[in-house]
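Heads up, final.cif below (mmCIF, C-alpha atoms):
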```cif
data_start
loop_
_atom_site.label_atom_id
_atom_site.label_comp_id
_atom_site.auth_asym_id
_atom_site.auth_seq_id
_atom_site.Cartn_x
_atom_site.Cartn_y
_atom_site.Cartn_z
CA MET A 1 -232.03 -118.96 63.05
CA ALA A 2 -235.74 -118.30 62.83
CA ASP A 3 -236.96 -116.90 59.55
CA SER A 4 -238.34 -113.86 61.39
CA ALA A 5 -235.03 -112.94 63.05
CA LEU A 6 -233.44 -109.60 62.22
CA ILE A 7 -230.50 -109.83 59.80
CA THR A 8 -227.53 -107.96 61.25
CA THR A 9 -224.52 -108.88 59.10
CA LEU A 10 -223.74 -108.46 55.43
CA ASP A 11 -222.72 -112.11 55.05
CA GLU A 12 -226.06 -113.29 56.43
CA PHE A 13 -227.90 -110.83 54.19
CA GLN A 14 -226.10 -112.06 51.08
CA SER A 15 -226.84 -115.68 51.95
CA GLU A 16 -230.54 -114.96 52.45
CA TYR A 17 -230.73 -112.77 49.37
CA ARG A 18 -229.31 -115.50 47.14
CA LYS A 19 -232.17 -117.82 48.09
CA GLY A 20 -234.61 -115.50 46.34
CA ILE A 21 -232.78 -114.92 43.04
CA GLY A 22 -235.24 -115.35 40.19
CA THR A 23 -238.29 -114.68 42.36
CA VAL A 24 -240.98 -112.50 40.78
CA LEU A 25 -242.28 -110.17 43.48
CA PRO A 26 -246.06 -109.97 43.98
CA TYR A 27 -246.03 -106.15 44.20
CA ARG A 28 -247.53 -104.65 41.01
CA PRO A 29 -247.58 -100.83 41.17
CA ALA A 30 -249.45 -99.05 38.38
CA LYS A 31 -250.16 -95.46 37.39
CA GLN A 32 -252.07 -93.73 34.63
CA ALA A 33 -250.19 -91.21 32.51
CA SER A 34 -252.92 -88.63 32.92
CA VAL A 35 -252.25 -84.97 32.19
CA ASP A 36 -252.23 -84.28 35.93
CA ASN A 37 -249.81 -87.11 36.72
CA LEU A 38 -247.48 -86.12 33.90
CA ARG A 39 -247.36 -82.55 35.21
CA ARG A 40 -246.82 -83.70 38.79
CA TYR A 41 -243.90 -85.81 37.65
CA ALA A 42 -242.41 -82.95 35.62
CA ASP A 43 -242.75 -80.58 38.59
CA GLY A 44 -241.08 -83.17 40.82
CA VAL A 45 -237.95 -83.44 38.67
CA GLY A 46 -237.89 -79.82 37.48
CA ASP A 47 -238.41 -80.64 33.80
CA TYR A 48 -240.59 -78.01 32.12
CA ASN A 49 -240.24 -79.40 28.60
CA PRO A 50 -243.69 -78.70 27.07
CA LEU A 51 -243.53 -81.93 25.04
CA PHE A 52 -244.12 -83.83 28.29
CA ARG A 53 -246.57 -81.52 30.08
CA SER A 54 -248.53 -79.32 27.64
CA PRO A 55 -251.30 -80.92 25.55
CA GLU A 56 -251.53 -77.75 23.47
CA TYR A 57 -247.85 -77.97 22.53
CA ALA A 58 -247.80 -81.74 22.13
CA VAL A 59 -250.49 -81.83 19.42
CA THR A 60 -248.16 -79.79 17.21
CA SER A 61 -245.24 -82.16 17.75
CA ARG A 62 -244.21 -85.31 15.86
CA TYR A 63 -246.34 -87.34 18.30
CA GLU A 64 -249.50 -85.29 17.73
CA ASP A 65 -250.43 -85.99 21.36
CA LEU A 66 -249.00 -85.73 24.84
CA VAL A 67 -246.33 -88.29 25.75
CA ALA A 68 -244.60 -88.94 29.03
CA SER A 69 -241.00 -88.07 29.76
CA PRO A 70 -239.01 -91.29 29.27
CA THR A 71 -238.21 -91.40 32.99
CA PHE A 72 -241.86 -91.11 34.02
CA LEU A 73 -241.21 -94.76 34.84
CA TYR A 74 -240.00 -93.58 38.26
CA ALA A 75 -243.44 -92.16 39.00
CA ILE A 76 -244.77 -95.72 38.76
CA THR A 77 -242.04 -97.24 40.92
CA LEU A 78 -238.43 -96.57 41.82
CA GLY A 79 -237.92 -100.27 41.10
CA VAL A 80 -235.76 -100.79 44.16
CA ILE A 81 -237.53 -103.47 46.22
CA ALA A 82 -235.91 -106.47 44.53
CA GLY A 83 -232.47 -104.89 44.80
CA GLU A 84 -232.99 -103.75 48.38
CA THR A 85 -234.17 -106.98 49.99
CA GLY A 86 -234.80 -109.54 47.25
CA ALA A 87 -237.44 -112.02 48.43
CA ILE A 88 -236.49 -111.54 52.11
CA ASP A 89 -239.21 -110.38 54.50
CA ARG A 90 -238.49 -106.64 54.60
CA ALA A 91 -239.13 -106.53 58.35
CA ARG A 92 -235.92 -108.56 58.80
CA VAL A 93 -233.67 -105.85 57.33
CA ASN A 94 -233.26 -102.29 58.58
CA THR A 95 -230.69 -99.55 58.39
CA GLN A 96 -229.57 -99.82 62.02
CA TYR A 97 -227.27 -102.59 60.80
CA LEU A 98 -227.44 -102.54 57.00
CA PRO A 99 -227.96 -99.21 55.19
CA VAL A 100 -228.81 -99.28 51.51
CA ASN A 101 -228.21 -96.77 48.72
CA TYR A 102 -229.24 -96.51 45.10
CA ALA A 103 -226.23 -97.23 42.88
CA GLY A 104 -227.56 -96.93 39.33
CA ALA A 105 -229.74 -98.23 36.54
CA GLU A 106 -229.63 -99.56 33.01
CA ILE A 107 -232.79 -98.43 31.23
CA ASP A 108 -234.06 -99.54 27.83
CA PHE A 109 -236.85 -97.34 26.45
CA ILE A 110 -238.84 -99.48 24.02
CA ARG A 111 -241.95 -97.46 23.08
CA PRO A 112 -243.59 -94.18 24.07
CA ILE A 113 -245.95 -93.82 27.02
CA TRP A 114 -248.99 -92.02 25.62
CA ARG A 115 -251.40 -89.79 27.46
CA ASP A 116 -253.80 -91.88 29.61
CA ASP A 117 -251.82 -95.11 29.20
CA THR A 118 -251.80 -97.16 32.40
CA ILE A 119 -248.34 -98.52 33.11
CA THR A 120 -247.77 -101.49 35.42
CA ALA A 121 -244.41 -102.59 36.82
CA MET A 122 -243.19 -106.06 37.77
CA GLU A 123 -239.92 -106.76 39.63
CA THR A 124 -237.76 -109.86 39.56
CA VAL A 125 -234.91 -110.50 42.00
CA GLY A 126 -231.56 -110.46 40.22
CA GLU A 127 -228.00 -111.43 41.00
CA THR A 128 -225.78 -110.19 43.85
CA THR A 129 -222.04 -109.48 43.91
CA ARG A 130 -219.61 -108.48 46.66
CA LYS A 131 -217.12 -105.64 46.23
CA THR A 132 -214.97 -103.61 48.60
CA SER A 133 -214.83 -99.82 48.91
CA SER A 134 -212.09 -97.84 50.64
CA ARG A 135 -214.77 -95.56 52.12
CA ILE A 136 -217.35 -98.13 53.22
CA GLY A 137 -215.73 -101.55 53.27
CA ASP A 138 -217.58 -104.57 51.89
CA ILE A 139 -220.64 -103.79 49.76
CA ASN A 140 -223.27 -106.10 48.34
CA PHE A 141 -224.41 -104.89 44.93
CA ASN A 142 -227.85 -106.39 44.35
CA THR A 143 -229.90 -106.15 41.18
CA GLY A 144 -233.59 -105.96 40.44
CA HIS A 145 -235.10 -106.37 36.99
CA VAL A 146 -238.17 -104.21 36.37
CA LEU A 147 -240.56 -104.76 33.45
CA PHE A 148 -243.01 -101.99 32.51
CA THR A 149 -246.08 -102.79 30.40
CA ASN A 150 -249.08 -100.75 29.25
CA GLN A 151 -252.75 -101.69 29.26
CA ARG A 152 -252.29 -103.25 25.80
CA GLN A 153 -249.74 -105.65 27.34
CA GLU A 154 -246.95 -104.02 25.35
CA VAL A 155 -243.55 -103.67 26.98
CA VAL A 156 -242.69 -99.98 27.16
CA ALA A 157 -239.39 -100.18 29.08
CA THR A 158 -237.11 -102.28 31.25
CA ILE A 159 -234.81 -101.21 34.07
CA LYS A 160 -231.96 -103.14 35.66
CA THR A 161 -231.61 -101.48 39.07
CA LEU A 162 -228.44 -101.69 41.15
CA MET A 163 -228.63 -101.26 44.95
CA ALA A 164 -225.68 -101.08 47.38
CA ARG A 165 -226.14 -102.73 50.79
CA TYR A 166 -223.38 -102.42 53.40
CA GLN A 167 -222.64 -102.61 57.11
CA ASN A 168 -223.48 -99.45 59.06
CA THR A 169 -220.20 -97.59 59.50
CA GLY A 170 -221.40 -95.45 62.41
CA GLY A 171 -220.18 -92.35 60.57
CA THR A 172 -220.93 -90.32 57.49
CA LEU A 173 -219.71 -90.85 53.93
CA GLU A 174 -217.18 -88.15 53.18
CA TYR A 175 -216.84 -86.60 49.74
CA ALA A 176 -215.70 -83.36 48.10
CA ARG A 177 -218.17 -80.56 48.80
CA GLU A 178 -216.10 -77.38 49.10
CA SER A 179 -216.19 -75.10 46.09
CA LYS A 180 -212.89 -74.66 44.30
CA ASP A 181 -213.80 -71.23 42.91
CA ALA A 182 -215.48 -69.33 45.74
CA GLN A 183 -214.59 -68.53 49.33
CA VAL A 184 -218.28 -68.41 50.21
CA ARG A 185 -220.56 -71.06 48.83
CA GLN A 186 -223.21 -69.53 46.59
CA VAL A 187 -226.85 -70.51 46.88
CA ILE A 188 -228.56 -70.62 43.48
CA ALA A 189 -232.35 -70.79 43.56
CA PRO A 190 -233.54 -73.66 41.33
CA ASP A 191 -237.04 -72.20 40.92
CA PRO A 192 -236.34 -69.69 38.09
CA LEU A 193 -233.97 -72.07 36.34
CA VAL A 194 -236.80 -74.32 35.14
CA PHE A 195 -238.35 -71.38 33.30
CA GLU A 196 -235.11 -70.06 31.82
CA ARG A 197 -233.97 -73.36 30.30
CA THR A 198 -233.62 -73.38 26.50
CA ARG A 199 -234.14 -76.63 24.58
CA GLN A 200 -233.80 -77.94 21.06
CA GLY A 201 -237.59 -78.32 21.00
CA GLY A 202 -239.25 -78.57 17.60
CA ASP A 203 -236.11 -77.66 15.64
CA LYS A 204 -234.75 -80.91 14.26
CA ARG A 205 -231.25 -81.85 15.37
CA PHE A 206 -229.97 -83.86 12.41
CA TRP A 207 -227.54 -86.74 12.84
CA GLU A 208 -225.37 -85.38 10.02
CA ASP A 209 -224.79 -82.11 11.92
CA VAL A 210 -223.59 -83.77 15.12
CA GLN A 211 -219.87 -84.31 15.71
CA GLU A 212 -218.08 -86.36 18.34
CA GLY A 213 -216.86 -83.95 21.00
CA ASP A 214 -219.85 -81.62 20.73
CA GLN A 215 -220.81 -80.17 24.12
CA LEU A 216 -224.34 -80.04 25.49
CA ASP A 217 -225.54 -76.80 27.04
CA PRO A 218 -225.05 -77.20 30.80
CA LEU A 219 -228.24 -77.97 32.70
CA GLN A 220 -228.19 -75.94 35.91
CA LYS A 221 -230.16 -77.49 38.75
CA GLY A 222 -229.26 -74.89 41.36
CA THR A 223 -228.71 -75.51 45.06
CA TYR A 224 -230.43 -78.63 46.31
CA SER A 225 -232.99 -77.68 48.93
CA VAL A 226 -235.59 -79.34 51.11
CA THR A 227 -238.14 -77.98 48.63
CA GLU A 228 -236.50 -79.92 45.78
CA LEU A 229 -236.47 -83.05 47.91
CA PHE A 230 -240.11 -82.50 48.82
CA LEU A 231 -241.17 -81.91 45.21
CA PHE A 232 -239.56 -85.14 44.04
CA THR A 233 -240.92 -87.15 46.97
CA HIS A 234 -244.50 -86.01 46.61
CA GLY A 235 -244.65 -85.04 42.92
CA VAL A 236 -243.07 -88.26 41.68
CA LEU A 237 -243.60 -90.85 44.40
CA GLY A 238 -246.89 -89.72 45.95
CA THR A 239 -248.12 -88.68 49.37
CA GLY A 240 -248.24 -91.91 51.35
CA ARG A 241 -247.43 -91.76 55.06
CA SER A 242 -245.28 -94.07 57.16
CA THR A 243 -246.83 -96.52 59.62
CA ARG A 244 -245.96 -96.44 63.31
CA SER A 245 -244.21 -99.79 62.98
CA ALA A 246 -242.04 -98.46 60.15
CA LEU A 247 -241.07 -95.42 62.22
CA ALA A 248 -240.18 -97.65 65.17
CA ALA A 249 -238.12 -100.05 63.03
CA GLU A 250 -236.11 -97.23 61.50
CA GLY A 251 -235.74 -95.19 64.71
CA SER A 252 -237.23 -92.03 63.24
CA THR A 253 -240.14 -89.68 63.87
CA ASP A 254 -240.25 -88.64 60.22
CA LEU A 255 -239.66 -91.11 57.40
CA GLY A 256 -240.69 -88.61 54.74
CA GLY A 257 -238.63 -89.35 51.66
CA GLY A 258 -237.64 -92.70 53.13
CA GLY A 259 -235.93 -90.96 56.04
CA ARG A 260 -234.27 -88.30 53.94
CA PHE A 261 -236.05 -85.41 55.70
CA ASP A 262 -234.78 -86.55 59.12
CA GLU A 263 -231.20 -85.30 59.37
CA GLU A 264 -230.33 -87.44 62.38
CA HIS A 265 -231.72 -90.54 60.69
CA ALA A 266 -229.82 -89.68 57.50
CA GLN A 267 -226.56 -89.46 59.43
CA LYS A 268 -226.92 -92.40 61.79
CA ARG A 269 -228.89 -94.87 59.71
CA ARG A 270 -227.85 -93.98 56.16
CA ASN A 271 -224.32 -92.65 56.90
CA MET A 272 -225.05 -89.43 54.98
CA PRO A 273 -223.73 -85.95 55.90
CA GLY A 274 -227.30 -84.62 56.06
CA GLN A 275 -230.66 -84.61 54.30
CA PHE A 276 -230.06 -86.21 50.90
CA ASP A 277 -231.69 -86.93 47.57
CA TYR A 278 -233.10 -90.02 45.90
CA GLY A 279 -230.60 -91.49 43.44
CA PRO A 280 -233.31 -91.71 40.74
CA GLN A 281 -233.81 -87.95 41.01
CA ARG A 282 -230.35 -87.44 39.53
CA VAL A 283 -231.01 -90.17 36.95
CA CYS A 284 -233.98 -88.05 35.83
CA TRP A 285 -231.71 -85.01 35.58
CA LEU A 286 -229.23 -86.92 33.43
CA ALA A 287 -232.07 -88.00 31.13
CA GLN A 288 -233.41 -84.44 30.97
CA ALA A 289 -230.07 -83.18 29.68
CA ALA A 290 -230.35 -85.75 26.88
CA THR A 291 -233.99 -85.00 25.94
CA ASP A 292 -233.44 -81.23 26.03
CA TRP A 293 -230.48 -81.62 23.66
CA MET A 294 -232.00 -84.11 21.21
CA GLY A 295 -235.26 -82.18 20.78
CA ASP A 296 -238.72 -83.39 19.89
CA TYR A 297 -237.52 -85.45 16.90
CA GLY A 298 -234.87 -87.39 18.76
CA THR A 299 -235.59 -90.68 20.54
CA LEU A 300 -233.91 -91.70 23.78
CA LYS A 301 -233.21 -95.42 23.38
CA LYS A 302 -231.06 -96.27 26.41
CA LEU A 303 -229.72 -94.65 29.55
CA HIS A 304 -227.06 -96.39 31.64
CA ALA A 305 -226.57 -94.39 34.85
CA SER A 306 -224.32 -94.72 37.89
CA ILE A 307 -224.69 -92.90 41.23
CA ARG A 308 -221.24 -92.52 42.81
CA HIS A 309 -221.46 -89.95 45.62
CA PRO A 310 -224.17 -88.40 47.82
CA ASN A 311 -226.09 -85.24 46.96
CA VAL A 312 -227.18 -83.49 50.13
CA VAL A 313 -229.20 -80.37 50.86
CA GLY A 314 -226.92 -77.40 50.22
CA ASP A 315 -225.06 -78.90 47.25
CA THR A 316 -225.25 -76.98 43.96
CA ASN A 317 -225.60 -79.19 40.89
CA THR A 318 -224.92 -78.76 37.19
CA VAL A 319 -225.33 -81.43 34.50
CA TYR A 320 -222.80 -81.53 31.66
CA GLY A 321 -222.69 -83.64 28.51
CA THR A 322 -220.43 -84.49 25.57
CA VAL A 323 -221.13 -86.43 22.38
CA SER A 324 -218.79 -89.40 22.74
CA LYS A 325 -219.76 -91.56 19.76
CA LYS A 326 -221.66 -91.35 16.48
CA TYR A 327 -222.54 -94.36 14.35
CA GLU A 328 -225.03 -96.09 12.07
CA THR A 329 -226.30 -99.56 12.86
CA ASP A 330 -226.55 -102.44 10.40
CA GLU A 331 -230.31 -101.82 10.41
CA GLY A 332 -229.79 -98.20 9.37
CA ALA A 333 -230.53 -96.49 12.69
CA LEU A 334 -228.58 -93.24 13.14
CA LEU A 335 -227.35 -93.15 16.72
CA VAL A 336 -225.20 -91.02 18.97
CA GLU A 337 -223.93 -91.73 22.46
CA VAL A 338 -223.73 -88.86 24.92
CA SER A 339 -221.63 -89.00 28.08
CA ILE A 340 -223.42 -87.06 30.83
CA GLU A 341 -222.42 -86.25 34.40
CA ASN A 342 -223.79 -84.31 37.34
CA ARG A 343 -221.18 -82.23 39.18
CA ASN A 344 -221.50 -80.48 42.52
CA GLN A 345 -220.00 -77.14 43.57
CA ALA A 346 -216.61 -78.77 44.20
CA GLY A 347 -216.53 -80.06 40.62
CA LEU A 348 -217.02 -83.64 41.83
CA ALA A 349 -219.00 -85.81 39.42
CA THR A 350 -221.58 -87.47 41.66
CA ALA A 351 -223.53 -89.25 38.91
CA TYR A 352 -222.69 -90.46 35.40
CA ALA A 353 -224.66 -91.74 32.45
CA THR A 354 -224.32 -92.80 28.84
CA ALA A 355 -227.38 -91.95 26.78
CA THR A 356 -228.02 -93.61 23.42
CA ILE A 357 -230.10 -91.38 21.15
CA GLU A 358 -231.55 -91.89 17.68
CA LEU A 359 -231.64 -88.74 15.54
CA PRO A 360 -233.37 -87.96 12.25
CA SER A 361 -231.49 -87.71 8.96
CA LYS A 362 -231.48 -84.88 6.46
CA THR A 363 -232.02 -87.42 3.70
CA ALA A 364 -235.10 -89.09 5.23
#
```
Could you spell out this file's structure in structure tokens?
Amino acid sequence: MADSALITTLDEFQSEYRKGIGTVLPYRPAKQASVDNLRRYADGVGDYNPLFRSPEYAVTSRYEDLVASPTFLYAITLGVIAGETGAIDRARVNTQYLPVNYAGAEIDFIRPIWRDDTITAMETVGETTRKTSSRIGDINFNTGHVLFTNQRQEVVATIKTLMARYQNTGGTLEYARESKDAQVRQVIAPDPLVFERTRQGGDKRFWEDVQEGDQLDPLQKGTYSVTELFLFTHGVLGTGRSTRSALAAEGSTDLGGGGRFDEEHAQKRRNMPGQFDYGPQRVCWLAQAATDWMGDYGTLKKLHASIRHPNVVGDTNTVYGTVSKKYETDEGALLVEVSIENRNQAGLATAYATATIELPSKTA
């Protein structure tokens, strides 16, 4: 088969993908953590924590300057290219035969991103495994390793991204969407929720005061709308347009949001019930629940997230969390683990995460 031929089967894709394992991709996206970019990101994910968007507030914080939200990383890159196609020519793979979905991420946050830092990302093609789903059939889970560095050549974070590639089923992925508590599904506007959110903020949450089993205040995200999809697409990812060749390859007249705005494309080429979100958008929500709870003096060290079910326009989302573990390391770090999940109106958990957080001590 010629190297330029379209890949149409999952077996062929896996074989070609394996040839590129270990390849460092030439793509090097970068973005400056300017005040404007930090605010655009925060608007895109609906996080109005002043620590990450208000210079006036930030100078009074422990950092004494503006810092980025930990998941500002996604404004630099979603980190999905290596996991989507590895080192394969991307023109050889499209969703007519092989849809792809974001399946999760393991993020290590190593140091803060300061105002005006320029962060550059580098992706390396990782391993691939084959699993079988009762809903989809065979799935290739492919990994990409993303390294983020600042202009001082310091590593600020790493992400291990997991992408799911499968054979087009010709139908939509079914999941629980009907509310258990209401005959008529309620629409909750997300707009006012960002202003009404209460956070730990500058009040220290001490490690000694936290107990396993403690509940986080629910983070209401409201009913997912085209506006929320638009804000994430353009606030976080930018305003680039699709080329004519990309539209032709994907069989769409509108590839806004990677095809998510085109309902027909979402159903036929991505097997979704309708217009749907980016998986990383929910990862950002899971992280927000953690940063709101820990306050300005906590430090988010790790976030291991899994995306399990779709989130489509019309779903109403709430993020819940529970302290699952509390411990001290041999080095003296005071840590807690928080189990977090996003549930839709049917009570179905569509995304999970474990957040590892370092908290201050009363004795420090």
Practice item. Could you tell me which residues the PyMOL selection byres ((chain A and resi 300-305) around 7) returns for this structure, as a list in words? Key: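 When the PyMOL selection byres ((chain A and resi 300-305) around 7) is applied to the shown file, the picked residues are Gly104, Ala105, Glu106, Ile107, Asp108, Phe109, Ile110, Val283, Gly298, Thr299, Ser306, Ile307, Tyr352, Ala353, Thr354, Ala355, Thr356, Ile357 and Glu358 of chain A.
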Exercise for review: Compare A:Gly79, A:Gly44, A:Gly332, A:Pro50 by their minimum atom-to-atom distance to Tyr27 (chain A), counting all atoms listed in the file, and give me the closest one.
Suggested key: A:Gly79
Check your understanding: Got a sec to resolve the PyMOL selection byres ((chain A and resi 249) around 9) on this structure and send the residues as a PyMOL selection string?
Key -> chain A and resi 91+94-96+244-248+250-252
Practice item. Using the chain letters and numbering of this document, enumerate as JSON, numbers by chain the residues selected by the PyMOL selection byres ((chain A and resi 76) around 9). Key: {"A": [29, 30, 31, 32, 72, 73, 74, 75, 77, 78, 79, 119, 120, 121, 236, 237]}
Review point. Excluding same-chain residues fewer than 4 positions from Pro190 (chain A), what lies within 10 Å of it counting only C-alpha atoms, as a ChimeraX atom specification?
Key: /A:46,194-195,220-225,227-228,316-317
Practice item. Give as a ChimeraX atom specification each residue that has an atom at most 12 Å from (-246.0, -79.8, 34.9) in the file, counting all atoms listed in the file. Key: /A:34-55,68-69,194-195,231,235-236
Review point. What separation in Å, quoted to one decimal, exists between CA of Met163 (chain A) and CA of Gly86 (chain A)?
Key: 10.6 Å
Exercise for review: Check the smallest atom-to-atom distance from each of A:Thr318, A:Thr158, A:Gln275, A:Gln153 to Thr71 (chain A) using all atoms listed in the file, then report the winner.
Suggested key: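 Nearest candidate to Thr71 (chain A) out of A:Thr318, A:Thr158, A:Gln275, A:Gln153: A:Thr158.
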Check your understanding: Taking all atoms listed in the file into account, which of A:Ile136, A:Leu219, A:Ile21, A:Pro273 comes nearest Thr198 (chain A)?
Key ->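 That would be A:Leu219, the residue with the smallest distance to Thr198 (chain A).
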Revision key, fill the gap. For Leu6 (chain A), the closest of A:Arg28, A:Arg92, A:Lys326, A:Arg62 counting only C-alpha atoms is A:Arg92
Exercise for review: Could you check which of A:Asn140, A:Trp207, A:Thr23, A:Lys325 is closest to Glu123 (chain A), using all atoms listed in the file?
Suggested key: A:Thr23
Exercise for review: Report the distance between CA of Leu147 (chain A) and CA of Phe230 (chain A) in Å, rounded to one decimal place.
Suggested key: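 For CA of Leu147 (chain A) relative to CA of Phe230 (chain A), the distance reads 27.1 Å.
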**Study point:** Residue neighbourhood Pro360 (chain A), 10 Å, only C-alpha atoms, exclusion window fewer than 4 positions, as a list in words
**Key:**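 Skipping anything fewer than 4 positions along the chain leaves Lys204, Arg205, Phe206, Trp207, Glu208, Met294, Tyr297, Gly298, Thr299, Ala333, Leu334, Leu335 and Ala364 of chain A.
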Practice item. Determine, counting all atoms listed in the file, which protein, DNA and RNA residues have an atom within 7 Å of an atom of Asp296 (chain A); residues of the same chain fewer than 6 positions away are not included. Present the result as a PyMOL selection string. Key: chain A and resi 61+201-202
